[in-house]
$ cat entry-v2.csv   # CSV, C-alpha atoms
chain,number,residue,atom,x,y,z
F,242,MET,CA,88.1,51.8,54.2
F,243,PRO,CA,89.6,53.0,50.9
F,244,ALA,CA,92.7,55.1,51.0
F,245,THR,CA,91.0,58.1,49.4
F,246,THR,CA,88.3,58.0,52.2
F,247,ARG,CA,90.9,57.7,54.9
F,248,ASN,CA,92.8,60.7,53.5
F,249,LYS,CA,89.6,62.8,53.4
F,250,PHE,CA,89.2,62.3,57.1
F,251,PHE,CA,93.0,62.4,58.0
F,252,LEU,CA,93.8,65.9,56.7
F,253,PRO,CA,90.9,67.7,58.5
F,254,GLY,CA,91.8,65.8,61.6
F,255,ALA,CA,95.4,66.8,61.4
F,256,SER,CA,94.5,70.4,60.8
F,257,ILE,CA,92.1,70.5,63.8
F,258,ALA,CA,94.8,68.9,66.0
F,259,THR,CA,97.3,71.5,64.9
F,260,LEU,CA,94.9,74.4,65.6
F,261,MET,CA,94.1,72.9,69.0
F,262,MET,CA,97.8,72.6,69.9
F,263,LEU,CA,98.5,76.2,68.7
F,264,GLY,CA,95.5,77.4,70.7
F,265,ALA,CA,96.7,75.6,73.8
F,266,LEU,CA,100.2,77.1,73.5
F,267,HIS,CA,98.7,80.6,72.9
F,268,ALA,CA,96.4,80.2,76.0
F,269,ARG,CA,99.5,79.1,78.0
F,270,ARG,CA,101.5,82.1,76.9
F,271,LEU,CA,98.7,84.5,77.7
F,272,TYR,CA,98.3,82.9,81.2
F,273,TYR,CA,102.1,83.2,81.8
F,274,GLU,CA,102.1,86.9,80.7
F,275,LYS,CA,99.1,87.7,82.9
F,276,GLN,CA,100.7,86.0,85.9
F,277,THR,CA,104.0,87.9,85.3
F,278,THR,CA,102.3,91.2,84.8
F,279,ASP,CA,100.3,90.7,88.0
F,280,LEU,CA,103.5,90.0,89.9
F,281,ILE,CA,105.2,93.1,88.5
F,282,ARG,CA,102.2,95.2,89.5
F,283,GLN,CA,102.4,93.8,93.1
F,284,GLY,CA,106.2,94.5,93.2
F,285,LYS,CA,107.0,90.8,93.3
F,286,GLU,CA,108.5,90.4,89.8
F,287,PRO,CA,110.6,87.2,89.1
F,288,GLU,CA,114.4,87.6,88.9
F,289,PHE,CA,116.4,87.3,85.7
F,290,ALA,CA,117.2,83.7,84.8
F,291,THR,CA,118.1,82.3,81.4
F,292,ASP,CA,116.3,79.1,80.1
F,293,VAL,CA,116.5,76.6,77.3
F,294,LYS,CA,114.0,78.6,75.2
F,295,ALA,CA,116.1,81.7,75.3
F,296,THR,CA,119.1,79.7,74.1
F,297,PHE,CA,117.1,78.1,71.3
F,298,LEU,CA,115.9,81.4,70.0
F,299,GLN,CA,119.5,82.5,69.4
F,300,ILE,CA,119.9,79.8,66.6
F,301,LEU,CA,116.6,80.6,64.8
F,302,PRO,CA,116.6,82.8,61.7
F,303,LEU,CA,114.2,85.2,63.4
F,304,ARG,CA,114.8,88.1,60.9
F,305,LEU,CA,113.9,85.8,58.0
F,306,ILE,CA,110.9,84.5,59.9
F,307,SER,CA,109.8,88.0,60.5
F,308,ARG,CA,110.1,89.0,56.8
F,309,THR,CA,108.2,85.9,55.8
F,310,TRP,CA,105.5,86.7,58.3
F,311,GLY,CA,105.3,90.2,56.9
F,312,SER,CA,104.8,88.9,53.4
F,313,LEU,CA,102.1,86.5,54.6
F,314,THR,CA,100.2,89.2,56.5
F,315,SER,CA,100.4,91.5,53.4
F,316,VAL,CA,98.4,89.0,51.3
F,317,GLU,CA,94.9,90.4,50.5
F,318,ILE,CA,92.1,88.6,52.3
F,319,PRO,CA,88.7,88.0,50.5
F,320,THR,CA,86.3,90.7,51.6
F,321,TRP,CA,83.7,88.1,52.9
F,322,ALA,CA,86.4,86.5,55.2
F,323,ARG,CA,87.9,89.7,56.7
F,324,SER,CA,85.4,90.2,59.5
F,325,TYR,CA,85.8,86.5,60.6
F,326,VAL,CA,89.6,86.7,60.5
F,327,TYR,CA,90.0,90.0,62.3
F,328,LYS,CA,87.4,89.2,65.0
F,329,GLY,CA,89.1,85.9,65.6
F,330,TRP,CA,92.4,87.7,66.0
F,331,ALA,CA,90.8,90.2,68.3
F,332,ARG,CA,89.3,87.4,70.5
F,333,ALA,CA,92.7,85.6,70.6
F,334,PHE,CA,94.7,88.7,71.6
F,335,LYS,CA,92.0,90.7,73.4
F,336,ALA,CA,92.0,93.6,70.9
F,337,ASP,CA,89.6,96.4,71.3
F,338,LEU,CA,87.7,97.0,68.0
F,339,THR,CA,85.2,99.6,69.3
F,340,ASN,CA,87.1,102.7,68.2
F,341,ILE,CA,88.7,101.6,64.9
F,342,GLU,CA,88.4,104.3,62.2
F,343,ARG,CA,87.1,102.0,59.4
F,344,SER,CA,84.9,98.9,59.2
F,345,LEU,CA,86.7,95.5,59.3
F,346,GLU,CA,85.9,94.9,55.6
F,347,ASP,CA,88.0,97.9,54.6
F,348,TYR,CA,91.3,96.4,55.8
F,349,PRO,CA,92.6,94.4,52.8
F,350,SER,CA,95.2,92.4,54.8
F,351,LEU,CA,96.3,91.5,58.3
F,352,ARG,CA,99.1,94.0,58.0
F,353,ASP,CA,96.7,96.8,57.4
F,354,PHE,CA,94.6,95.6,60.3
F,355,PHE,CA,97.6,95.5,62.6
F,356,ALA,CA,98.4,99.2,61.8
F,357,ARG,CA,94.8,100.3,62.0
F,358,GLY,CA,94.0,103.8,63.1
F,359,LEU,CA,91.4,105.0,65.6
F,360,LYS,CA,88.5,107.3,65.4
F,361,LYS,CA,89.2,111.0,66.1
F,362,GLY,CA,88.8,111.8,69.7
F,363,SER,CA,89.0,108.2,70.9
F,364,ARG,CA,92.3,108.9,72.7
F,365,PRO,CA,91.8,112.3,74.4
F,366,LEU,CA,95.0,114.0,75.6
F,367,ASP,CA,95.4,115.0,79.2
F,368,PRO,CA,94.9,118.8,79.2
F,369,ASN,CA,97.5,119.5,81.8
F,370,PRO,CA,100.5,121.1,80.0
F,371,THR,CA,103.0,120.0,82.8
F,372,CYS,CA,102.5,116.3,82.2
F,373,LEU,CA,104.1,113.7,80.0
F,374,LEU,CA,101.8,111.6,78.0
F,375,SER,CA,101.8,107.9,77.2
F,376,PRO,CA,102.9,107.5,73.5
F,377,VAL,CA,101.2,104.1,73.1
F,378,ASP,CA,98.5,101.7,74.3
F,379,GLY,CA,100.4,99.2,76.3
F,380,ILE,CA,101.8,98.0,79.7
F,381,VAL,CA,104.3,99.9,81.8
F,382,MET,CA,107.2,97.4,82.2
F,383,ARG,CA,109.5,99.7,84.2
F,384,CYS,CA,109.8,103.4,84.9
F,385,GLY,CA,111.8,105.6,87.2
F,386,GLU,CA,114.9,107.8,87.7
F,387,VAL,CA,118.3,106.8,86.3
F,388,ARG,CA,120.4,106.3,89.4
F,389,GLU,CA,122.8,103.4,88.5
F,390,PRO,CA,126.5,104.3,87.8
F,391,GLY,CA,127.3,104.4,84.1
F,392,THR,CA,123.6,105.2,83.2
F,393,LYS,CA,122.3,101.7,83.6
F,394,VAL,CA,118.7,100.8,84.1
F,395,ASP,CA,117.0,97.5,85.1
F,396,GLN,CA,115.7,95.3,82.3
F,397,ILE,CA,114.3,93.2,85.1
F,398,LYS,CA,115.2,92.5,88.7
F,399,GLY,CA,118.7,91.0,88.7
F,400,PHE,CA,119.9,92.4,85.3
F,401,SER,CA,120.6,95.9,84.0
F,402,TYR,CA,121.5,97.2,80.6
F,403,SER,CA,123.4,100.3,79.4
F,404,LEU,CA,121.4,103.3,78.2
F,405,PRO,CA,124.3,104.5,75.9
F,406,ALA,CA,124.3,101.1,74.2
F,407,LEU,CA,120.5,101.3,73.7
F,408,LEU,CA,120.5,104.9,72.4
F,409,GLY,CA,123.8,104.9,70.6
F,410,ALA,CA,124.9,108.0,72.5
F,411,GLU,CA,125.7,109.0,76.1
F,412,PRO,CA,122.6,110.7,77.6
F,413,PRO,CA,123.2,113.9,79.5
F,414,PRO,CA,124.2,113.5,83.1
F,415,PRO,CA,122.1,114.8,86.0
F,416,ARG,CA,122.6,118.6,86.5
F,417,SER,CA,122.7,120.6,89.7
F,418,PRO,CA,121.3,124.2,89.6
F,419,ASP,CA,123.3,126.7,87.6
F,420,VAL,CA,125.7,124.0,86.1
F,421,LYS,CA,126.3,124.6,82.4
F,422,LEU,CA,126.0,121.7,80.0
F,423,THR,CA,129.0,120.7,77.9
F,424,ALA,CA,128.9,121.1,74.1
F,425,SER,CA,130.0,117.7,72.9
F,426,MET,CA,129.1,114.1,73.4
F,427,GLN,CA,130.4,110.7,72.6
F,428,HIS,CA,128.5,108.7,70.0
F,429,THR,CA,129.2,105.0,70.0
F,430,ASN,CA,128.6,102.7,67.1
F,431,ARG,CA,128.2,98.9,67.2
F,432,SER,CA,131.9,98.4,66.6
F,433,GLY,CA,132.9,100.4,69.6
F,434,ALA,CA,134.4,103.4,67.7
F,435,HIS,CA,133.8,106.9,69.0
F,436,LYS,CA,133.4,110.2,67.3
F,437,THR,CA,132.7,113.6,68.9
F,438,GLN,CA,129.7,115.5,67.6
F,439,TRP,CA,127.8,118.6,68.7
F,440,MET,CA,125.1,117.6,71.1
F,441,PRO,CA,122.0,117.8,69.0
F,442,TRP,CA,119.8,118.1,72.2
F,443,LEU,CA,121.7,121.4,73.1
F,444,LYS,CA,120.2,123.2,70.2
F,445,PHE,CA,117.5,125.7,71.0
F,446,TRP,CA,114.6,126.1,68.7
F,447,SER,CA,112.6,129.2,68.1
F,448,ARG,CA,109.3,127.5,68.8
F,449,ALA,CA,107.9,128.7,72.1
F,450,ASP,CA,106.6,125.2,73.0
F,451,THR,CA,110.0,123.6,73.0
F,452,THR,CA,112.0,126.4,74.7
F,453,PRO,CA,113.3,125.4,78.2
F,454,ASP,CA,111.2,126.9,81.0
F,455,SER,CA,113.4,129.4,82.7
F,456,SER,CA,111.4,129.0,85.9
F,457,LEU,CA,113.0,125.6,86.3
F,458,ASN,CA,116.6,126.7,86.4
F,459,HIS,CA,116.7,126.5,90.1
F,460,LEU,CA,115.9,122.8,90.1
F,461,ASP,CA,118.2,119.9,89.7
F,462,THR,CA,117.7,118.2,86.3
F,463,GLN,CA,117.5,114.4,86.5
F,464,LEU,CA,117.3,111.7,83.9
F,465,PHE,CA,114.2,109.5,83.8
F,466,TYR,CA,113.1,106.5,81.8
F,467,CYS,CA,109.9,104.5,81.0
F,468,VAL,CA,109.6,101.2,79.2
F,469,LEU,CA,106.2,100.4,77.6
F,470,TYR,CA,105.3,97.1,76.0
F,471,LEU,CA,102.7,96.8,73.2
F,472,GLY,CA,101.1,93.4,72.9
F,473,PRO,CA,99.9,91.9,69.6
F,474,GLY,CA,96.3,93.0,70.3
F,475,ASP,CA,97.2,96.6,71.1
F,476,TYR,CA,96.8,99.7,69.0
F,477,HIS,CA,100.2,99.8,67.2
F,478,ARG,CA,100.7,103.5,66.4
F,479,VAL,CA,103.2,105.6,68.4
F,480,HIS,CA,102.4,109.2,69.3
F,481,SER,CA,104.4,112.0,70.7
F,482,PRO,CA,104.5,112.2,74.5
F,483,ALA,CA,105.1,116.0,74.5
F,484,ASN,CA,105.9,119.0,72.3
F,485,TRP,CA,109.4,118.3,71.1
F,486,CYS,CA,111.8,118.7,68.2
F,487,ILE,CA,113.6,115.7,66.8
F,488,ASP,CA,116.9,116.3,65.0
F,489,VAL,CA,118.7,112.9,65.1
F,490,ARG,CA,117.5,109.5,64.0
F,491,ARG,CA,119.6,106.3,64.5
F,492,HIS,CA,118.7,103.0,63.0
F,493,PHE,CA,120.3,99.9,64.6
F,494,PRO,CA,119.9,96.7,62.6
F,495,GLY,CA,120.0,93.8,65.0
F,496,HIS,CA,118.2,90.6,66.2
F,497,LEU,CA,114.4,90.3,66.4
F,498,TYR,CA,113.9,88.4,69.6
F,499,PRO,CA,110.5,88.5,71.2
F,500,VAL,CA,110.0,91.3,73.8
F,501,ASN,CA,107.2,89.7,75.9
F,502,THR,CA,107.5,89.3,79.6
F,503,ARG,CA,109.3,85.9,79.4
F,504,ALA,CA,111.9,87.2,76.9
F,505,VAL,CA,112.6,90.2,79.1
F,506,ARG,CA,113.2,87.8,82.0
F,507,THR,CA,115.4,85.4,80.1
F,508,ILE,CA,117.4,87.2,77.4
F,509,LYS,CA,120.3,89.5,78.4
F,510,ASN,CA,120.5,93.0,76.8
F,511,LEU,CA,117.2,92.3,75.0
F,512,TYR,CA,116.5,95.9,73.9
F,513,VAL,CA,120.1,96.5,73.0
F,514,LEU,CA,120.4,93.4,70.8
F,515,ASN,CA,117.1,93.9,69.0
F,516,GLU,CA,116.7,96.1,65.9
F,517,ARG,CA,115.5,99.6,66.8
F,518,VAL,CA,115.0,103.1,65.7
F,519,VAL,CA,116.0,105.8,68.1
F,520,LEU,CA,114.6,109.4,67.8
F,521,GLU,CA,116.5,112.0,69.7
F,522,GLY,CA,115.9,115.7,70.3
F,523,LYS,CA,114.8,118.2,72.9
F,524,TRP,CA,111.7,119.2,74.7
F,525,SER,CA,110.9,122.1,77.1
F,526,GLN,CA,112.7,120.3,80.0
F,527,GLY,CA,115.8,119.3,78.1
F,528,PHE,CA,116.9,116.0,76.5
F,529,MET,CA,114.3,113.6,75.0
F,530,SER,CA,114.8,110.3,73.3
F,531,MET,CA,112.4,107.6,72.1
F,532,ALA,CA,113.6,104.1,71.2
F,533,LEU,CA,111.3,102.1,69.0
F,534,VAL,CA,112.4,98.5,69.6
F,535,GLY,CA,111.4,95.8,67.1
F,536,ALA,CA,110.6,92.2,67.9
F,537,THR,CA,109.9,88.8,66.3
F,538,ASN,CA,107.4,89.4,63.5
F,539,VAL,CA,107.8,93.2,64.0
F,540,GLY,CA,110.7,93.8,61.7
F,541,SER,CA,109.0,96.7,60.1
F,542,ILE,CA,109.1,100.0,62.0
F,543,GLU,CA,107.7,102.9,60.0
F,544,VAL,CA,108.6,106.5,60.9
F,545,LYS,CA,105.9,108.9,59.6
F,546,PHE,CA,108.2,111.8,58.7
F,547,GLU,CA,110.8,109.5,57.0
F,548,PRO,CA,108.9,107.0,54.9
F,549,GLU,CA,112.0,106.0,53.0
F,550,LEU,CA,113.5,104.4,56.1
F,551,LYS,CA,113.5,100.6,55.7
F,552,THR,CA,114.0,98.2,58.6
F,553,ASN,CA,114.7,94.5,58.7
F,554,VAL,CA,116.5,94.5,55.3
F,555,PRO,CA,117.9,91.2,54.2
F,556,LYS,CA,121.6,92.1,54.0
F,557,TYR,CA,123.8,93.8,56.6
F,558,SER,CA,126.8,92.9,58.8
F,559,PHE,CA,126.2,92.5,62.5
F,560,SER,CA,129.9,93.2,63.2
F,561,SER,CA,130.3,96.2,60.9
F,562,GLY,CA,130.0,99.6,62.3
F,563,SER,CA,128.5,100.7,59.0
F,564,SER,CA,125.3,98.9,60.0
F,565,LEU,CA,124.4,101.9,62.2
F,566,ASN,CA,122.5,104.3,60.1
F,567,ILE,CA,122.3,107.9,61.4
F,568,ARG,CA,120.3,110.8,59.9
F,569,VAL,CA,120.7,114.3,61.4
F,570,TYR,CA,117.5,116.3,60.6
F,571,GLY,CA,118.8,119.5,62.2
F,572,ASP,CA,122.0,119.9,60.1
F,573,LYS,CA,120.2,121.9,57.4
F,574,LYS,CA,117.5,123.6,59.5
F,575,SER,CA,115.3,120.6,58.8
F,576,ASP,CA,114.6,119.5,62.4
F,577,ILE,CA,111.3,117.7,62.9
F,578,CYS,CA,109.0,119.3,65.5
F,579,VAL,CA,105.9,117.4,66.7
F,580,ASN,CA,103.2,118.3,69.1
F,581,ARG,CA,101.9,116.2,71.9
F,582,GLY,CA,99.7,113.5,70.6
F,583,ASP,CA,101.0,113.7,67.0
F,584,GLU,CA,101.5,110.3,65.3
F,585,VAL,CA,105.2,109.5,65.0
F,586,ALA,CA,105.6,105.9,64.0
F,587,VAL,CA,103.9,102.6,63.4
F,588,PHE,CA,104.7,99.0,64.5
F,589,ASN,CA,103.4,96.1,62.5
F,590,MET,CA,102.3,94.0,65.4
F,591,GLY,CA,103.5,94.5,69.0
F,592,SER,CA,106.8,95.7,70.4
F,593,THR,CA,108.4,98.1,72.9
F,594,VAL,CA,109.0,101.8,73.3
F,595,VAL,CA,111.7,103.1,75.7
F,596,LEU,CA,111.4,106.8,76.7
F,597,VAL,CA,114.5,108.5,78.1
F,598,PHE,CA,114.3,112.2,79.1
F,599,GLN,CA,115.5,115.0,81.3
F,600,ALA,CA,113.1,116.6,83.8
F,601,PRO,CA,113.4,118.7,86.9
F,602,GLY,CA,114.2,116.6,90.0
F,603,SER,CA,113.2,117.1,93.6
F,604,THR,CA,115.2,119.7,95.5
F,605,LEU,CA,115.3,121.0,99.1
F,606,LYS,CA,114.3,124.6,99.7
F,607,GLU,CA,113.9,126.8,102.7
F,608,SER,CA,110.2,127.0,103.3
F,609,GLU,CA,109.7,128.8,106.6
F,610,HIS,CA,111.3,129.9,109.8
F,611,VAL,CA,110.3,128.6,113.2
F,612,ALA,CA,111.7,129.1,116.7
F,613,ASN,CA,114.3,126.4,116.3
F,614,GLY,CA,115.6,127.7,113.0
F,615,SER,CA,114.8,127.2,109.4
F,616,VAL,CA,112.9,124.2,108.1
F,617,ALA,CA,113.6,122.7,104.7
F,618,SER,CA,110.9,121.2,102.6
F,619,LEU,CA,111.0,119.1,99.4
F,620,SER,CA,110.2,120.9,96.2
F,621,ARG,CA,108.8,118.1,94.1
F,622,GLY,CA,110.0,117.9,90.5
F,623,PHE,CA,109.0,115.3,87.9
F,624,HIS,CA,107.3,112.2,89.3
F,625,PHE,CA,105.6,109.2,87.7
F,626,PHE,CA,102.1,108.3,88.9
F,627,VAL,CA,101.9,105.0,87.0
F,628,ASN,CA,103.1,101.7,88.4
F,629,ASN,CA,105.0,98.8,86.8
F,630,GLY,CA,102.5,96.4,85.3
F,631,GLN,CA,99.8,99.1,84.8
F,632,ARG,CA,98.0,99.3,81.5
F,633,VAL,CA,98.0,102.8,79.9
F,634,ARG,CA,96.6,104.4,76.7
F,635,VAL,CA,97.7,107.0,74.3
F,636,GLY,CA,97.3,110.5,75.7
F,637,GLN,CA,97.1,109.4,79.3
F,638,ALA,CA,99.4,111.3,81.7
F,639,ILE,CA,102.1,109.0,83.0
F,640,GLY,CA,104.1,111.7,84.9
F,641,ARG,CA,104.0,115.3,85.9
F,642,TRP,CA,106.3,118.0,87.4
$ encode --input "entry-v2.csv" --output "structure tokens"
Amino acid sequence: MPATTRNKFFLPGASIATLMMLGALHARRLYYEKQTTDLIRQGKEPEFATDVKATFLQILPLRLISRTWGSLTSVEIPTWARSYVYKGWARAFKADLTNIERSLEDYPSLRDFFARGLKKGSRPLDPNPTCLLSPVDGIVMRCGEVREPGTKVDQIKGFSYSLPALLGAEPPPPRSPDVKLTASMQHTNRSGAHKTQWMPWLKFWSRADTTPDSSLNHLDTQLFYCVLYLGPGDYHRVHSPANWCIDVRRHFPGHLYPVNTRAVRTIKNLYVLNERVVLEGKWSQGFMSMALVGATNVGSIEVKFEPELKTNVPKYSFSSGSSLNIRVYGDKKSDICVNRGDEVAVFNMGSTVVLVFQAPGSTLKESEHVANGSVASLSRGFHFFVNNGQRVRVGQAIGRW
């Protein structure tokens, strides 16, 4: 057979083999993530354990790979091919296309398709004003009350990470009734230096919907957290979980490791190491912070009210404290107030959102008197009613007080 004839058959054969291999790897990854998610839902999650893949990821230029991927996904796709490409992506990653706001042909590139919006009313908000809403479509990885000394929370069973390291500031401690909050806090940058600033979350705004509820003064104030994972097929826009005012934004350049279930189980301090944007402010119950954590191929995090913010830029120093970029919105009466359900940010592919917030905790109160004396009952404060491993959608209530 002539060489030219052999080449005509060789190239398509190699392409098909490559696609089959990638398809098999993708199917294996989806199967692993489903198995892990099912175990988390059943309370039988695997313990933390490093592996060869986690070590290998540390030597890869993942930031460069992510920028390259971003450039590729920004290439305009011919109109006739868009429907086939996007439907293929949706099948591979189980994306729901029933409520997208435009037809598939109206998305010029994969990047536009990733950041697609939804039809108005497709994500109704829970009407109860005393609930906290899910800011994203995704899976609840972990949620609960912060109880560990030094404000540490579990990344996964067997390993914890520091909330101050994640947020770039010490979150407020739990409060007992009638205990006044202090007026300063320690901000920590990546080099370990400290500087004292006025606690931005102590500022009271004139808007009624963010004023602390005086009826809750008798309750202990506790610190809660919730970690939500967005997969590649999920809706990638982030919405406000409550009415709150944002007056500090911190941008931490960093690595761009994957944040899927395997990476969470094998990479220490995953959320602290990765590039992230932290929004901090105050809601009716006290402190509120939202960490938008980037991942491989998700170097771009867009904040709606600060379009000039650029993430995953080519040049910065990992060791330099100057890499931490802080903007204080409230220093010139320019704090950003958003309502529950408002769009706040956009991820370009999947990633993770970490909510950290104050809310009233449970307290004992004297409920009634009986023959043997007084009986104390539990006054229930904030409580989650979603479980680890559960899938949630924007606007769904994840907790209530």
$ residues_around --input "entry-v2.csv" --residues "region 478-485 of chain F" --least-positions-apart "2" --cutoff "9 Å" --atoms "only C-alpha atoms" --output "compact mmCIF listing (two decimals) with C-alpha atoms, in the frame of the given file"
# COMPACT_ATOMS: atom_id res chain seq x y z
CA ALA F 356 98.40 99.20 61.80
CA ARG F 357 94.80 100.30 62.00
CA GLY F 358 94.00 103.80 63.10
CA PRO F 370 100.50 121.10 80.00
CA CYS F 372 102.50 116.30 82.20
CA LEU F 373 104.10 113.70 80.00
CA LEU F 374 101.80 111.60 78.00
CA SER F 375 101.80 107.90 77.20
CA PRO F 376 102.90 107.50 73.50
CA VAL F 377 101.20 104.10 73.10
CA ASP F 378 98.50 101.70 74.30
CA ASP F 450 106.60 125.20 73.00
CA THR F 451 110.00 123.60 73.00
CA TYR F 476 96.80 99.70 69.00
CA ILE F 487 113.60 115.70 66.80
CA GLY F 522 115.90 115.70 70.30
CA LYS F 523 114.80 118.20 72.90
CA TRP F 524 111.70 119.20 74.70
CA SER F 525 110.90 122.10 77.10
CA MET F 529 114.30 113.60 75.00
CA LEU F 533 111.30 102.10 69.00
CA ILE F 577 111.30 117.70 62.90
CA CYS F 578 109.00 119.30 65.50
CA VAL F 579 105.90 117.40 66.70
CA ASN F 580 103.20 118.30 69.10
CA ARG F 581 101.90 116.20 71.90
CA GLY F 582 99.70 113.50 70.60
CA ASP F 583 101.00 113.70 67.00
CA GLU F 584 101.50 110.30 65.30
CA VAL F 585 105.20 109.50 65.00
CA ALA F 586 105.60 105.90 64.00
CA VAL F 587 103.90 102.60 63.40
CA PHE F 588 104.70 99.00 64.50
CA ASN F 589 103.40 96.10 62.50
CA VAL F 594 109.00 101.80 73.30
CA VAL F 635 97.70 107.00 74.30
CA GLY F 636 97.30 110.50 75.70
CA ALA F 638 99.40 111.30 81.70
$ closest_residue --input "entry-v2.csv" --among "F:Ser592, F:Ser530, F:Gln599, F:Ser564" --to "Ala504 (chain F)" --atoms "all atoms listed in the file"
F:Ser592
$ atom_distance --input "entry-v2.csv" --atom1 "CA of Ser307 (chain F)" --atom2 "CA of Leu404 (chain F)"
26.1 Å
$ closest_residue --input "entry-v2.csv" --among "F:Phe334, F:Arg304, F:Val597, F:Glu346" --to "Glu516 (chain F)" --atoms "only C-alpha atoms"
F:Arg304
$ closest_residue --input "entry-v2.csv" --among "F:Arg364, F:Arg352, F:Lys509, F:His624" --to "Glu386 (chain F)" --atoms "all atoms listed in the file"
F:His624
$ atom_distance --input "entry-v2.csv" --atom1 "CA of Pro548 (chain F)" --atom2 "CA of Gly409 (chain F)"
21.7 Å
$ residues_around --input "entry-v2.csv" --residues "Thr593 (chain F)" --least-positions-apart "2" --cutoff "8 Å" --atoms "only C-alpha atoms" --output "VMD selection string"
chain F and resid 468 to 471 500 533 to 535 591 595
$ atom_distance --input "entry-v2.csv" --atom1 "CA of Thr462 (chain F)" --atom2 "CA of Gly640 (chain F)"
15.1 Å
$ closest_residue --input "entry-v2.csv" --among "F:Pro405, F:Leu351, F:Cys384, F:Thr296" --to "Asn628 (chain F)" --atoms "all atoms listed in the file"
F:Cys384
$ residues_around --input "entry-v2.csv" --residues "Pro302 (chain F)" --least-positions-apart "6" --cutoff "12 Å" --atoms "all atoms listed in the file" --output "number ranges by chain"
F: 308-309, 495-498, 537-538, 555
$ closest_residue --input "entry-v2.csv" --among "F:Glu543, F:Ile380, F:Thr392, F:Ala600" --to "Asn629 (chain F)" --atoms "all atoms listed in the file"
F:Ile380
$ closest_residue --input "entry-v2.csv" --among "F:Arg634, F:Arg641, F:Lys545, F:Arg503" --to "Leu366 (chain F)" --atoms "all atoms listed in the file"
F:Arg634
